[in-house]
file target.txt (compact mmCIF, C-alpha atoms)
# COMPACT_ATOMS: atom_id res chain seq x y z
CA MET C 1 4.07 -0.67 14.28
CA LYS C 2 4.25 -0.96 18.06
CA ARG C 3 1.53 -3.60 17.88
CA PHE C 4 3.58 -5.55 15.37
CA ARG C 5 6.67 -5.35 17.59
CA THR C 6 4.64 -6.46 20.58
CA LEU C 7 3.32 -9.40 18.60
CA LEU C 8 6.85 -10.30 17.56
CA LEU C 9 8.11 -10.20 21.13
CA SER C 10 5.10 -12.16 22.34
CA ALA C 11 5.73 -14.79 19.69
CA LEU C 12 9.37 -14.96 20.67
CA PHE C 13 8.58 -15.65 24.28
CA ALA C 14 5.69 -17.97 23.42
CA PHE C 15 8.11 -20.12 21.48
CA ALA C 16 10.85 -19.89 24.09
CA PRO C 17 10.24 -23.48 25.30
CA ALA C 18 10.71 -24.71 21.73
CA PHE C 19 14.08 -22.99 21.59
CA ALA C 20 15.07 -24.56 24.88
CA ALA C 21 16.15 -27.72 23.12
CA GLU C 22 18.92 -25.71 21.50
CA LYS C 23 19.26 -22.81 23.94
CA SER C 24 19.57 -23.31 27.67
CA ASP C 25 17.03 -21.76 30.00
CA ASP C 26 19.77 -19.44 31.24
CA GLU C 27 20.45 -18.20 27.72
CA VAL C 28 16.75 -17.60 27.12
CA ASN C 29 16.43 -15.75 30.43
CA ALA C 30 19.49 -13.60 29.81
CA ARG C 31 18.14 -12.74 26.38
CA LYS C 32 14.81 -11.73 27.84
CA VAL C 33 16.59 -9.31 30.22
CA ALA C 34 18.58 -7.84 27.33
CA LEU C 35 15.46 -7.52 25.14
CA ASP C 36 13.55 -5.78 27.93
CA LEU C 37 16.33 -3.24 28.20
CA ALA C 38 16.70 -2.77 24.44
CA GLY C 39 12.94 -2.21 24.19
CA ALA C 40 13.40 1.16 25.89
CA PHE C 41 15.64 2.33 23.08
CA SER C 42 13.24 1.08 20.41
CA ASN C 43 10.78 3.65 21.69
CA ASP C 44 13.29 6.32 20.76
CA GLY C 45 13.62 5.19 17.16
CA PHE C 46 16.43 2.68 17.60
CA LYS C 47 16.09 -0.48 15.54
CA LEU C 48 16.93 -3.67 17.34
CA ARG C 49 19.33 -5.80 15.38
CA ASP C 50 18.06 -9.36 14.95
CA GLY C 51 21.13 -11.07 16.40
CA HIS C 52 22.72 -11.66 19.77
CA TRP C 53 25.76 -13.05 21.55
CA ASN C 54 25.52 -15.44 24.49
CA GLY C 55 28.29 -16.50 26.84
CA SER C 56 29.35 -17.01 30.43
CA LEU C 57 30.48 -14.41 32.93
CA ALA C 58 32.04 -14.50 36.38
CA PRO C 59 33.46 -11.76 38.60
CA GLY C 60 36.84 -10.81 37.21
CA LYS C 61 36.26 -12.75 34.01
CA GLY C 62 34.94 -10.55 31.19
CA ALA C 63 34.30 -11.24 27.55
CA VAL C 64 34.99 -9.15 24.45
CA ILE C 65 33.38 -9.11 21.01
CA GLN C 66 34.31 -7.21 17.88
CA VAL C 67 31.58 -5.25 16.14
CA ASN C 68 31.80 -3.12 13.02
CA LEU C 69 30.07 0.22 13.21
CA PHE C 70 29.32 3.08 10.85
CA ALA C 71 30.04 6.74 11.56
CA GLY C 72 26.83 8.73 11.51
CA ASN C 73 24.80 6.00 13.21
CA GLU C 74 24.04 5.89 16.94
CA TYR C 75 24.21 2.63 18.86
CA TRP C 76 23.06 1.17 22.16
CA PHE C 77 24.58 -2.10 23.36
CA SER C 78 22.27 -3.87 25.81
CA LEU C 79 23.49 -6.57 28.15
CA GLY C 80 21.30 -8.92 30.15
CA ALA C 81 22.50 -11.62 32.55
CA THR C 82 20.88 -14.27 34.69
CA THR C 83 19.99 -13.28 38.23
CA LYS C 84 23.11 -14.81 39.73
CA ALA C 85 24.88 -11.72 38.44
CA LYS C 86 24.31 -8.85 40.84
CA LYS C 87 26.07 -6.14 38.86
CA VAL C 88 27.25 -6.15 35.24
CA SER C 89 28.72 -3.57 32.91
CA VAL C 90 29.33 -2.87 29.22
CA SER C 91 32.22 -0.75 27.97
CA ILE C 92 33.47 0.30 24.54
CA PHE C 93 36.97 0.38 23.02
CA ASP C 94 38.37 1.25 19.62
CA GLU C 95 40.11 -1.36 17.50
CA THR C 96 43.44 -0.76 19.28
CA GLY C 97 41.88 -1.39 22.69
CA LYS C 98 41.76 2.28 23.70
CA PRO C 99 38.76 3.06 25.93
CA ILE C 100 36.07 5.24 24.34
CA GLU C 101 33.55 7.46 26.10
CA TYR C 102 30.00 6.16 26.19
CA GLU C 103 26.70 6.81 27.92
CA PRO C 104 26.31 4.19 30.63
CA TYR C 105 23.29 2.52 32.14
CA GLN C 106 23.54 -0.04 34.92
CA GLU C 107 20.93 -1.80 36.98
CA GLY C 108 21.64 -5.15 38.60
CA ALA C 109 21.91 -7.88 36.00
CA SER C 110 21.49 -5.48 33.10
CA ALA C 111 23.62 -2.73 31.64
CA ALA C 112 23.87 -0.69 28.45
CA ALA C 113 26.33 1.57 26.69
CA GLY C 114 25.32 4.28 24.19
CA PHE C 115 27.73 5.53 21.59
CA ALA C 116 27.92 7.42 18.28
CA PRO C 117 31.18 6.54 16.48
CA ASP C 118 32.98 9.33 14.68
CA ALA C 119 34.85 6.87 12.49
CA SER C 120 33.59 3.76 10.73
CA GLY C 121 35.35 0.49 11.46
CA PRO C 122 35.89 -2.16 14.10
CA TYR C 123 35.14 -1.53 17.78
CA LEU C 124 35.43 -3.84 20.77
CA ILE C 125 32.65 -4.29 23.30
CA LYS C 126 33.58 -5.68 26.71
CA VAL C 127 31.01 -7.21 29.05
CA GLU C 128 31.90 -7.81 32.69
CA GLU C 129 30.34 -9.13 35.85
CA LEU C 130 31.31 -6.84 38.71
CA GLU C 131 29.45 -8.61 41.52
CA GLY C 132 27.69 -11.94 41.94
CA GLU C 133 28.13 -15.59 41.05
CA PRO C 134 28.95 -17.07 37.63
CA SER C 135 26.14 -16.29 35.21
CA VAL C 136 25.08 -16.45 31.59
CA PHE C 137 24.82 -13.25 29.56
CA CYS C 138 23.27 -12.03 26.33
CA LEU C 139 24.47 -8.97 24.42
CA LEU C 140 22.54 -7.33 21.61
CA TYR C 141 22.47 -3.92 20.03
CA SER C 142 20.21 -1.30 18.53
CA TYR C 143 21.02 1.42 16.02
CA LYS C 144 19.53 4.43 14.27
CA MET J 1 27.61 11.83 20.85
CA ILE J 2 24.15 10.58 21.54
CA ARG J 3 21.95 13.19 23.20
CA SER J 4 22.16 12.77 26.94
CA ASN J 5 18.41 13.03 27.29
CA LEU J 6 18.05 9.87 25.26
CA LEU J 7 19.21 7.78 28.16
CA ALA J 8 16.89 9.66 30.46
CA GLY J 9 14.04 9.02 28.02
CA GLY J 10 14.87 5.35 27.83
CA LEU J 11 15.09 5.10 31.59
CA ALA J 12 11.78 6.90 31.99
CA ILE J 13 10.20 4.15 29.92
CA LEU J 14 12.01 1.48 31.84
CA SER J 15 10.99 2.95 35.13
CA LEU J 16 7.41 2.00 34.31
CA SER J 17 8.41 -1.52 35.20
CA ALA J 18 9.84 -2.80 38.45
CA PHE J 19 12.79 -3.84 36.34
CA ALA J 20 14.43 -0.44 36.48
CA VAL J 21 13.91 0.41 40.11
CA GLY J 22 17.14 1.78 41.49
CA ALA J 23 18.63 2.57 38.11
CA GLU J 24 21.70 4.72 38.19
CA GLU J 25 22.31 7.50 35.75
CA THR J 26 25.64 9.18 35.43
CA GLY J 27 27.36 11.27 32.78
CA LEU J 28 29.68 9.83 30.19
CA ALA J 29 31.77 6.88 31.27
CA VAL J 30 35.02 5.43 30.03
CA ALA J 31 36.75 2.18 30.96
CA ALA J 32 39.62 2.66 33.37
CA ASN J 33 42.08 0.49 31.46
CA PRO J 34 42.73 -0.25 27.80
CA LEU J 35 42.29 -3.76 26.48
CA GLY J 36 45.43 -5.87 26.36
CA LYS J 37 46.65 -7.60 23.22
CA ALA J 38 45.47 -10.98 24.52
CA GLU J 39 41.94 -9.64 25.05
CA ILE J 40 41.86 -8.08 21.57
CA ASP J 41 43.17 -11.24 19.92
CA ALA J 42 40.66 -13.38 21.81
CA ALA J 43 37.70 -11.13 21.00
CA ALA J 44 34.74 -13.06 19.63
CA ARG J 45 33.73 -12.44 16.03
CA THR J 46 30.34 -13.79 15.05
CA ASP J 47 28.19 -13.59 11.96
CA ALA J 48 25.22 -12.64 14.12
CA LEU J 49 26.79 -9.56 15.72
CA SER J 50 30.17 -8.68 14.20
CA ILE J 51 28.92 -8.18 10.65
CA PRO J 52 26.59 -5.18 10.32
CA THR J 53 23.27 -5.73 8.60
CA PRO J 54 22.54 -4.00 5.30
CA GLY J 55 20.01 -1.97 7.28
CA GLU J 56 22.78 -0.44 9.41
CA LEU J 57 24.79 0.50 6.35
CA LEU J 58 21.75 2.02 4.64
CA ALA J 59 20.88 3.97 7.80
CA ALA J 60 24.34 5.55 7.76
CA LEU J 61 24.21 6.17 4.02
CA GLY J 62 20.78 7.77 4.27
CA LYS J 63 22.22 10.46 6.57
CA LEU J 64 24.51 11.70 3.80
CA GLY J 65 21.63 12.89 1.66
CA LYS J 66 18.65 11.75 -0.33
CA LEU J 67 19.56 8.83 -2.52
CA ASP J 68 17.96 7.73 -5.75
CA TRP J 69 17.66 4.11 -4.71
CA THR J 70 15.89 3.04 -7.88
CA SER J 71 19.08 3.84 -9.79
CA LYS J 72 20.76 1.10 -7.74
CA PHE J 73 18.42 -1.66 -8.94
CA ARG J 74 20.03 -4.29 -11.12
CA ALA J 75 18.56 -6.56 -13.75
CA PRO J 76 16.98 -9.78 -12.43
CA ILE J 77 19.42 -12.62 -11.97
CA ALA J 78 18.98 -16.36 -12.38
CA THR J 79 17.57 -18.33 -9.47
CA SER J 80 19.41 -21.55 -10.27
CA PHE J 81 23.16 -22.03 -10.50
CA PRO J 82 25.46 -24.99 -11.03
CA SER J 83 26.75 -25.04 -7.47
CA ARG J 84 25.31 -24.50 -3.99
CA ALA J 85 28.16 -22.14 -3.17
CA GLN J 86 27.23 -19.89 -6.07
CA MET J 87 23.57 -20.04 -5.09
CA ALA J 88 24.46 -18.99 -1.53
CA LEU J 89 26.57 -16.04 -2.73
CA ASN J 90 23.76 -14.88 -4.99
CA LEU J 91 21.14 -15.36 -2.30
CA GLY J 92 23.07 -12.90 -0.12
CA GLY J 93 23.16 -10.45 -3.01
CA LEU J 94 19.41 -10.80 -3.58
CA ILE J 95 18.64 -10.11 0.07
CA ALA J 96 20.76 -6.94 -0.16
CA ASP J 97 18.74 -6.04 -3.27
CA GLY J 98 15.63 -6.44 -1.14
CA TYR J 99 16.86 -3.74 1.26
CA ILE J 100 17.52 -1.43 -1.69
CA ALA J 101 13.99 -2.01 -3.02
CA VAL J 102 12.57 -1.20 0.41
CA GLU J 103 14.64 2.00 0.61
CA ALA J 104 13.29 2.89 -2.84
CA GLU J 105 9.78 2.14 -1.53
CA ASP J 106 9.08 0.14 -4.68
CA ALA J 107 6.44 -2.47 -3.78
CA GLN J 108 6.64 -4.35 -7.09
CA GLN J 109 10.42 -4.63 -6.88
CA VAL J 110 10.15 -5.94 -3.30
CA LYS J 111 7.63 -8.56 -4.44
CA ASN J 112 9.76 -9.58 -7.43
CA LEU J 113 12.82 -9.96 -5.21
CA GLY J 114 10.79 -11.83 -2.62
CA LYS J 115 9.89 -14.39 -5.31
CA ASP J 116 13.50 -14.67 -6.44
CA ILE J 117 14.73 -15.09 -2.86
CA LEU J 118 12.17 -17.82 -2.34
CA ALA J 119 13.11 -19.58 -5.59
CA LEU J 120 16.81 -19.51 -4.81
CA GLY J 121 16.12 -20.57 -1.23
CA LYS J 122 14.11 -23.50 -2.56
CA ASN J 123 17.03 -24.61 -4.69
CA LEU J 124 19.18 -24.48 -1.56
CA GLY J 125 16.67 -26.56 0.40
CA VAL J 126 15.53 -23.82 2.79
CA SER J 127 12.26 -22.79 1.12
CA LYS J 128 10.05 -24.26 3.86
CA GLU J 129 11.57 -21.89 6.38
CA ILE J 130 11.24 -18.80 4.24
CA LEU J 131 7.92 -19.55 2.54
CA ASP J 132 5.95 -17.70 5.18
CA ARG J 133 8.42 -14.86 5.13
CA GLY J 134 7.95 -14.57 1.38
CA LYS J 135 4.20 -14.23 1.89
CA SER J 136 4.63 -11.56 4.53
CA LEU J 137 7.10 -9.63 2.36
CA THR J 138 4.41 -9.46 -0.33
CA GLU J 139 1.73 -8.45 2.15
CA PHE J 140 3.84 -5.71 3.74
CA ALA J 141 4.92 -4.45 0.32
CA ASP J 142 1.28 -4.21 -0.80
CA ASN J 143 0.52 -2.26 2.37
CA LYS J 144 3.66 -0.10 1.95
CA GLN J 145 4.86 -0.95 5.47
CA TRP J 146 8.47 -0.10 4.72
CA ASP J 147 9.84 -0.14 8.28
CA VAL J 148 8.26 -3.52 8.92
CA LEU J 149 9.69 -4.78 5.64
CA LYS J 150 13.21 -3.94 6.79
CA GLU J 151 12.66 -6.06 9.88
CA GLU J 152 11.19 -8.85 7.76
CA LEU J 153 14.20 -8.85 5.46
CA GLU J 154 16.59 -9.06 8.39
CA ALA J 155 14.52 -11.88 9.88
CA THR J 156 14.40 -13.63 6.50
CA GLN J 157 18.17 -13.50 6.21
CA ASN J 158 18.60 -14.88 9.72
CA GLU J 159 16.06 -17.65 9.16
CA VAL J 160 17.79 -18.71 5.97
CA LYS J 161 21.08 -18.89 7.85
CA GLU J 162 19.53 -20.79 10.77
CA ALA J 163 17.97 -23.25 8.33
CA MET J 164 21.36 -23.75 6.69
CA GLU J 165 22.91 -24.42 10.10
CA ARG J 166 20.17 -26.95 10.84
CA ASN J 167 20.69 -28.57 7.44
CA LYS J 168 24.37 -28.89 8.34
CA ASP J 169 25.36 -26.32 5.72
CA PRO J 170 27.19 -23.80 7.93
CA ASP J 171 29.67 -23.08 5.17
CA LEU J 172 26.89 -21.67 3.04
CA VAL J 173 25.99 -19.20 5.80
CA ARG J 174 29.35 -17.48 5.35
CA LEU J 175 28.77 -17.25 1.63
CA VAL J 176 25.30 -15.71 2.03
CA THR J 177 26.84 -13.06 4.30
CA LEU J 178 29.68 -12.51 1.86
CA GLY J 179 27.36 -12.13 -1.13
CA GLY J 180 25.27 -9.58 0.71
CA TRP J 181 28.30 -7.60 1.79
CA ILE J 182 29.78 -7.47 -1.72
CA ARG J 183 26.49 -6.21 -3.14
CA GLY J 184 26.27 -3.63 -0.34
CA THR J 185 29.82 -2.50 -1.05
CA GLU J 186 29.00 -2.18 -4.74
CA VAL J 187 26.05 0.09 -4.01
CA LEU J 188 27.81 2.14 -1.33
CA SER J 189 30.99 2.69 -3.34
CA GLY J 190 28.93 3.50 -6.44
CA TRP J 191 26.96 6.17 -4.65
CA VAL J 192 29.97 7.66 -2.85
CA SER J 193 32.01 7.79 -6.04
CA GLU J 194 29.18 9.69 -7.76
CA HIS J 195 28.59 12.06 -4.81
CA TYR J 196 32.02 12.20 -3.22
CA THR J 197 32.43 13.60 0.29
CA GLU J 198 34.99 12.70 2.93
CA ALA J 199 32.22 11.61 5.30
CA GLY J 200 30.80 9.29 2.67
CA ALA J 201 34.22 7.92 1.81
CA LYS J 202 34.91 7.12 5.46
CA LEU J 203 31.86 4.83 5.53
CA LEU J 204 33.81 2.47 3.32
CA ARG J 205 36.35 1.79 6.07
CA GLN J 206 35.52 -1.83 6.90
CA PRO J 207 38.75 -3.77 7.56
CA GLY J 208 37.19 -5.77 10.38
CA ILE J 209 34.36 -7.00 8.19
CA VAL J 210 36.43 -8.00 5.22
CA GLY J 211 39.00 -9.62 7.51
CA PHE J 212 36.26 -11.71 9.13
CA LEU J 213 34.79 -12.67 5.77
CA SER J 214 38.20 -13.53 4.28
CA SER J 215 39.08 -15.80 7.17
CA GLY J 216 35.65 -17.42 6.76
CA VAL J 217 36.39 -18.20 3.12
CA GLU J 218 39.84 -19.54 4.01
CA ALA J 219 38.25 -21.86 6.56
CA LEU J 220 35.84 -23.38 4.02
CA PRO J 221 36.35 -27.04 3.12
CA GLU J 222 38.69 -27.56 0.20
CA LYS J 223 35.83 -28.89 -1.94
CA ILE J 224 33.98 -25.58 -1.70
CA ARG J 225 37.08 -23.41 -1.87
CA SER J 226 38.10 -25.05 -5.14
CA GLU J 227 34.85 -24.05 -6.82
CA ASN J 228 35.31 -21.48 -9.51
CA CYS J 229 32.98 -18.90 -7.97
CA VAL J 230 34.65 -19.16 -4.56
CA LYS J 231 38.18 -18.97 -5.95
CA LYS J 232 37.22 -15.91 -7.94
CA THR J 233 35.59 -14.30 -4.89
CA GLN J 234 38.57 -15.06 -2.67
CA ALA J 235 40.98 -13.45 -5.14
CA LYS J 236 38.85 -10.33 -5.54
CA LEU J 237 38.32 -10.12 -1.80
CA LYS J 238 42.02 -9.50 -1.30
CA GLU J 239 41.85 -6.50 -3.61
CA ILE J 240 38.69 -5.25 -1.93
CA GLU J 241 40.30 -5.71 1.49
CA ALA J 242 43.15 -3.41 0.50
CA ALA J 243 40.64 -0.79 -0.68
CA VAL J 244 38.58 -0.73 2.55
CA SER J 245 41.49 -0.91 5.02
CA PHE J 246 42.56 2.72 5.08
CA PRO J 247 43.49 4.67 8.26
CA ARG J 248 40.64 6.13 10.34
CA GLU J 249 41.42 9.74 9.49
CA THR J 250 42.47 9.31 5.87
CA PRO J 251 39.51 8.76 3.57
CA PRO J 252 40.15 7.19 0.18
CA THR J 253 40.16 9.37 -2.92
CA GLN J 254 37.28 9.47 -5.36
CA ALA J 255 39.42 7.59 -7.88
CA SER J 256 40.14 4.74 -5.49
CA ILE J 257 36.44 4.49 -4.59
CA LYS J 258 35.58 4.24 -8.28
CA GLN J 259 38.08 1.41 -8.50
CA LEU J 260 36.48 -0.31 -5.51
CA HIS J 261 33.07 0.08 -7.13
CA GLN J 262 34.33 -1.47 -10.34
CA LEU J 263 35.87 -4.38 -8.44
CA SER J 264 32.71 -5.18 -6.50
CA ALA J 265 30.37 -4.59 -9.45
CA ASP J 266 32.43 -6.86 -11.72
CA LEU J 267 32.48 -9.55 -9.05
CA MET J 268 28.70 -9.42 -8.57
CA LYS J 269 28.14 -9.62 -12.33
CA ASP J 270 30.49 -12.55 -12.56
CA LEU J 271 28.82 -14.39 -9.68
CA ALA J 272 25.45 -13.97 -11.36
CA ARG J 273 26.67 -15.76 -14.49
CA LYS J 274 25.79 -19.43 -14.76
CA ASP J 275 29.44 -20.16 -15.31
CA PRO J 276 31.65 -17.56 -13.61
CA LYS J 277 34.75 -16.76 -15.62
call {"tool": "encode", "arguments": {"input": "target.txt", "output": "structure tokens"}}
result
Amino acid sequence: MKRFRTLLLSALFAFAPAFAAEKSDDEVNARKVALDLAGAFSNDGFKLRDGHWNGSLAPGKGAVIQVNLFAGNEYWFSLGATTKAKKVSVSIFDETGKPIEYEPYQEGASAAAGFAPDASGPYLIKVEELEGEPSVFCLLYSYK
Amino acid sequence: MIRSNLLAGGLAILSLSAFAVGAEETGLAVAANPLGKAEIDAAARTDALSIPTPGELLAALGKLGKLDWTSKFRAPIATSFPSRAQMALNLGGLIADGYIAVEAEDAQQVKNLGKDILALGKNLGVSKEILDRGKSLTEFADNKQWDVLKEELEATQNEVKEAMERNKDPDLVRLVTLGGWIRGTEVLSGWVSEHYTEAGAKLLRQPGIVGFLSSGVEALPEKIRSENCVKKTQAKLKEIEAAVSFPRETPPTQASIKQLHQLSADLMKDLARKDPK
């Protein structure tokens, strides 16, 4: 299984130049950072969802996405940004915008938030750049 | 809440690379300020991240108890329909069937569905992209690699959607997602109505998903929206939306879940007819 995942990741990066026509280098690089981070959770049984969200960040200018989660599952949201970002963060809110407690991880241009919802429904994930210059980010998530 | 040692475990793995040097670990965190209305209204909603995969739903459902997945199989459906919209809706349903077959660990059913997905994809002009996936679905099914099959199905669904985007058929992407979600709702509501618990009933709370899908249908070009299968789906979606938009702490009754099951099952049956009523 791990071999298969490794092959998949290798193939993804091997074909990265082919994607470049559609995805910018920055988007590919940000995704690589996010995938590296999410890989840690895969080792603990989390399945990486095959989907991601790219966008731009700058200090003081965050971005929010709605996700729909199921009670009973556990989730990790992994954020990767290009190296111009020196410090980024991920935080979680319920559908009304109320902050929700999560397990944080932060290291330079990557960050993650772990969370097990007690109610199914919409949640809001906010990504922010706390320090650095304008950058490109990629958010993805894992579940189990 | 997720076990706190999980993060430590993840970080231990990360620390093997230079990537994690200097990582910080703290206890639970919470944002200092709530989101404002403008931020909530402007929140992105994307097919790729805002709509959960069938795998996520099945993972949550599997925690409620052991399910007899084979009882959720349905009879084979046609792989050719009068309109592309109807084909897209049914393709989504077939992919959801694929997840059910994998949960049931039924290799023959996976292979049968793989063939049907390929045939329907061919009629939609995306067979080239999923041909290799079809082969790997068969190979993994023969080898009973169920976890890998789940990943393959998710990848297949995404490749079909990417091919549709490339073929300038983005409208069909929404319909594939919609078809898969309706079939998932049919299965989930059917199981919960037969084995009612409050925890199971709460899984059906999905106002964000149905809202996103409804707005996607409303945004379709008039030509597609006026098709019989889409009009029918749009009308039923309003009823389904009401059924899955209950308050967080108030699960629906068993009777209302049965009604939801009937709604979604009737819609799937209707969509699988050559000429939807």
call {"tool": "closest_residue", "arguments": {"input": "target.txt", "among": "J:Arg273, J:Ala48, J:Asn33, J:Gly179", "to": "Glu162 in chain J", "atoms": "only C-alpha atoms"}}
result
J:Ala48
call {"tool": "residues_around", "arguments": {"input": "target.txt", "residues": "range 234-248 of chain J", "least_positions_apart": "2", "cutoff": "6 Å", "atoms": "only C-alpha atoms", "output": "VMD selection string"}}
result
chain J and resid 204 to 207 210 230 to 232 250
call {"tool": "interface_residues", "arguments": {"input": "target.txt", "of": "chain C", "to": "chain J", "cutoff": "7 Å", "atoms": "all atoms listed in the file", "output": "MDAnalysis selection string"}}
result
chainID C and resid 40:41 50:53 64:68 70:74 91 97:107 114:116 119:122 144
call {"tool": "write_last_selection", "arguments": {"input": "target.txt", "atoms": "C-alpha atoms", "output": "PDB file, in the frame of the given file"}}
result
ATOM      1  CA  ALA C  40      13.400   1.160  25.890  1.00  0.00           C
ATOM      2  CA  PHE C  41      15.640   2.330  23.080  1.00  0.00           C
ATOM      3  CA  ASP C  50      18.060  -9.360  14.950  1.00  0.00           C
ATOM      4  CA  GLY C  51      21.130 -11.070  16.400  1.00  0.00           C
ATOM      5  CA  HIS C  52      22.720 -11.660  19.770  1.00  0.00           C
ATOM      6  CA  TRP C  53      25.760 -13.050  21.550  1.00  0.00           C
ATOM      7  CA  VAL C  64      34.990  -9.150  24.450  1.00  0.00           C
ATOM      8  CA  ILE C  65      33.380  -9.110  21.010  1.00  0.00           C
ATOM      9  CA  GLN C  66      34.310  -7.210  17.880  1.00  0.00           C
ATOM     10  CA  VAL C  67      31.580  -5.250  16.140  1.00  0.00           C
ATOM     11  CA  ASN C  68      31.800  -3.120  13.020  1.00  0.00           C
ATOM     12  CA  PHE C  70      29.320   3.080  10.850  1.00  0.00           C
ATOM     13  CA  ALA C  71      30.040   6.740  11.560  1.00  0.00           C
ATOM     14  CA  GLY C  72      26.830   8.730  11.510  1.00  0.00           C
ATOM     15  CA  ASN C  73      24.800   6.000  13.210  1.00  0.00           C
ATOM     16  CA  GLU C  74      24.040   5.890  16.940  1.00  0.00           C
ATOM     17  CA  SER C  91      32.220  -0.750  27.970  1.00  0.00           C
ATOM     18  CA  GLY C  97      41.880  -1.390  22.690  1.00  0.00           C
ATOM     19  CA  LYS C  98      41.760   2.280  23.700  1.00  0.00           C
ATOM     20  CA  PRO C  99      38.760   3.060  25.930  1.00  0.00           C
ATOM     21  CA  ILE C 100      36.070   5.240  24.340  1.00  0.00           C
ATOM     22  CA  GLU C 101      33.550   7.460  26.100  1.00  0.00           C
ATOM     23  CA  TYR C 102      30.000   6.160  26.190  1.00  0.00           C
ATOM     24  CA  GLU C 103      26.700   6.810  27.920  1.00  0.00           C
ATOM     25  CA  PRO C 104      26.310   4.190  30.630  1.00  0.00           C
ATOM     26  CA  TYR C 105      23.290   2.520  32.140  1.00  0.00           C
ATOM     27  CA  GLN C 106      23.540  -0.040  34.920  1.00  0.00           C
ATOM     28  CA  GLU C 107      20.930  -1.800  36.980  1.00  0.00           C
ATOM     29  CA  GLY C 114      25.320   4.280  24.190  1.00  0.00           C
ATOM     30  CA  PHE C 115      27.730   5.530  21.590  1.00  0.00           C
ATOM     31  CA  ALA C 116      27.920   7.420  18.280  1.00  0.00           C
ATOM     32  CA  ALA C 119      34.850   6.870  12.490  1.00  0.00           C
ATOM     33  CA  SER C 120      33.590   3.760  10.730  1.00  0.00           C
ATOM     34  CA  GLY C 121      35.350   0.490  11.460  1.00  0.00           C
ATOM     35  CA  PRO C 122      35.890  -2.160  14.100  1.00  0.00           C
ATOM     36  CA  LYS C 144      19.530   4.430  14.270  1.00  0.00           C
TER      37      LYS C 144
END
call {"tool": "closest_residue", "arguments": {"input": "target.txt", "among": "J:Asn228, J:Leu124, J:Glu139, J:Arg183", "to": "Arg74 in chain J", "atoms": "all atoms listed in the file"}}
result
J:Arg183
call {"tool": "atom_distance", "arguments": {"input": "target.txt", "atom1": "CA of Leu79 in chain C", "atom2": "CA of Asn43 in chain C"}}
result
17.5 Å
call {"tool": "atom_distance", "arguments": {"input": "target.txt", "atom1": "CA of Leu113 in chain J", "atom2": "CA of Glu194 in chain J"}}
result
25.7 Å
call {"tool": "residues_around", "arguments": {"input": "target.txt", "residues": "range 89-103 of chain J", "least_positions_apart": "2", "cutoff": "7 Å", "atoms": "all atoms listed in the file", "output": "VMD selection string"}}
result
chain J and resid 54 69 85 to 87 105 to 106 109 to 110 113 117 120 146 149 to 150 175 to 180 183 to 184 271 to 272
call {"tool": "residues_near_point", "arguments": {"input": "target.txt", "point": "(19.6, -19.0, 27.2)", "cutoff": "9 Å", "atoms": "only C-alpha atoms", "output": "PyMOL selection string"}}
result
chain C and resi 19-20+22-32+54+82+136-138
call {"tool": "write_last_selection", "arguments": {"input": "target.txt", "atoms": "C-alpha atoms", "output": "PDB file, in the frame of the given file"}}
result
ATOM      1  CA  PHE C  19      14.080 -22.990  21.590  1.00  0.00           C
ATOM      2  CA  ALA C  20      15.070 -24.560  24.880  1.00  0.00           C
ATOM      3  CA  GLU C  22      18.920 -25.710  21.500  1.00  0.00           C
ATOM      4  CA  LYS C  23      19.260 -22.810  23.940  1.00  0.00           C
ATOM      5  CA  SER C  24      19.570 -23.310  27.670  1.00  0.00           C
ATOM      6  CA  ASP C  25      17.030 -21.760  30.000  1.00  0.00           C
ATOM      7  CA  ASP C  26      19.770 -19.440  31.240  1.00  0.00           C
ATOM      8  CA  GLU C  27      20.450 -18.200  27.720  1.00  0.00           C
ATOM      9  CA  VAL C  28      16.750 -17.600  27.120  1.00  0.00           C
ATOM     10  CA  ASN C  29      16.430 -15.750  30.430  1.00  0.00           C
ATOM     11  CA  ALA C  30      19.490 -13.600  29.810  1.00  0.00           C
ATOM     12  CA  ARG C  31      18.140 -12.740  26.380  1.00  0.00           C
ATOM     13  CA  LYS C  32      14.810 -11.730  27.840  1.00  0.00           C
ATOM     14  CA  ASN C  54      25.520 -15.440  24.490  1.00  0.00           C
ATOM     15  CA  THR C  82      20.880 -14.270  34.690  1.00  0.00           C
ATOM     16  CA  VAL C 136      25.080 -16.450  31.590  1.00  0.00           C
ATOM     17  CA  PHE C 137      24.820 -13.250  29.560  1.00  0.00           C
ATOM     18  CA  CYS C 138      23.270 -12.030  26.330  1.00  0.00           C
TER      19      CYS C 138
END
call {"tool": "atom_distance", "arguments": {"input": "target.txt", "atom1": "CA of Gln254 in chain J", "atom2": "CA of Val187 in chain J"}}
result
14.7 Å
call {"tool": "closest_residue", "arguments": {"input": "target.txt", "among": "C:Lys47, C:Leu130, C:Pro59, C:Ser135", "to": "Phe77 in chain C", "atoms": "all atoms listed in the file"}}
result
C:Lys47
call {"tool": "closest_residue", "arguments": {"input": "target.txt", "among": "J:Lys72, J:Thr233, J:Ala78, J:Asp142", "to": "Ala119 in chain J", "atoms": "all atoms listed in the file"}}
result
J:Ala78
call {"tool": "closest_residue", "arguments": {"input": "target.txt", "among": "C:Leu124, C:Leu57, C:Gly45, C:Gly62", "to": "Asp94 in chain C", "atoms": "all atoms listed in the file"}}
result
C:Leu124
call {"tool": "closest_residue", "arguments": {"input": "target.txt", "among": "C:Gly132, C:Pro117, C:Gly108, C:Gly60", "to": "Phe93 in chain C", "atoms": "all atoms listed in the file"}}
result
C:Pro117
call {"tool": "axis_aligned_box", "arguments": {"input": "target.txt", "around": "range 34-40 of chain C", "padding_each_side": "5 Å", "output": "JSON"}}
result
{"center_x": 15.8, "center_y": -3.3, "center_z": 26.2, "size_x": 15.6, "size_y": 19.0, "size_z": 14.0}
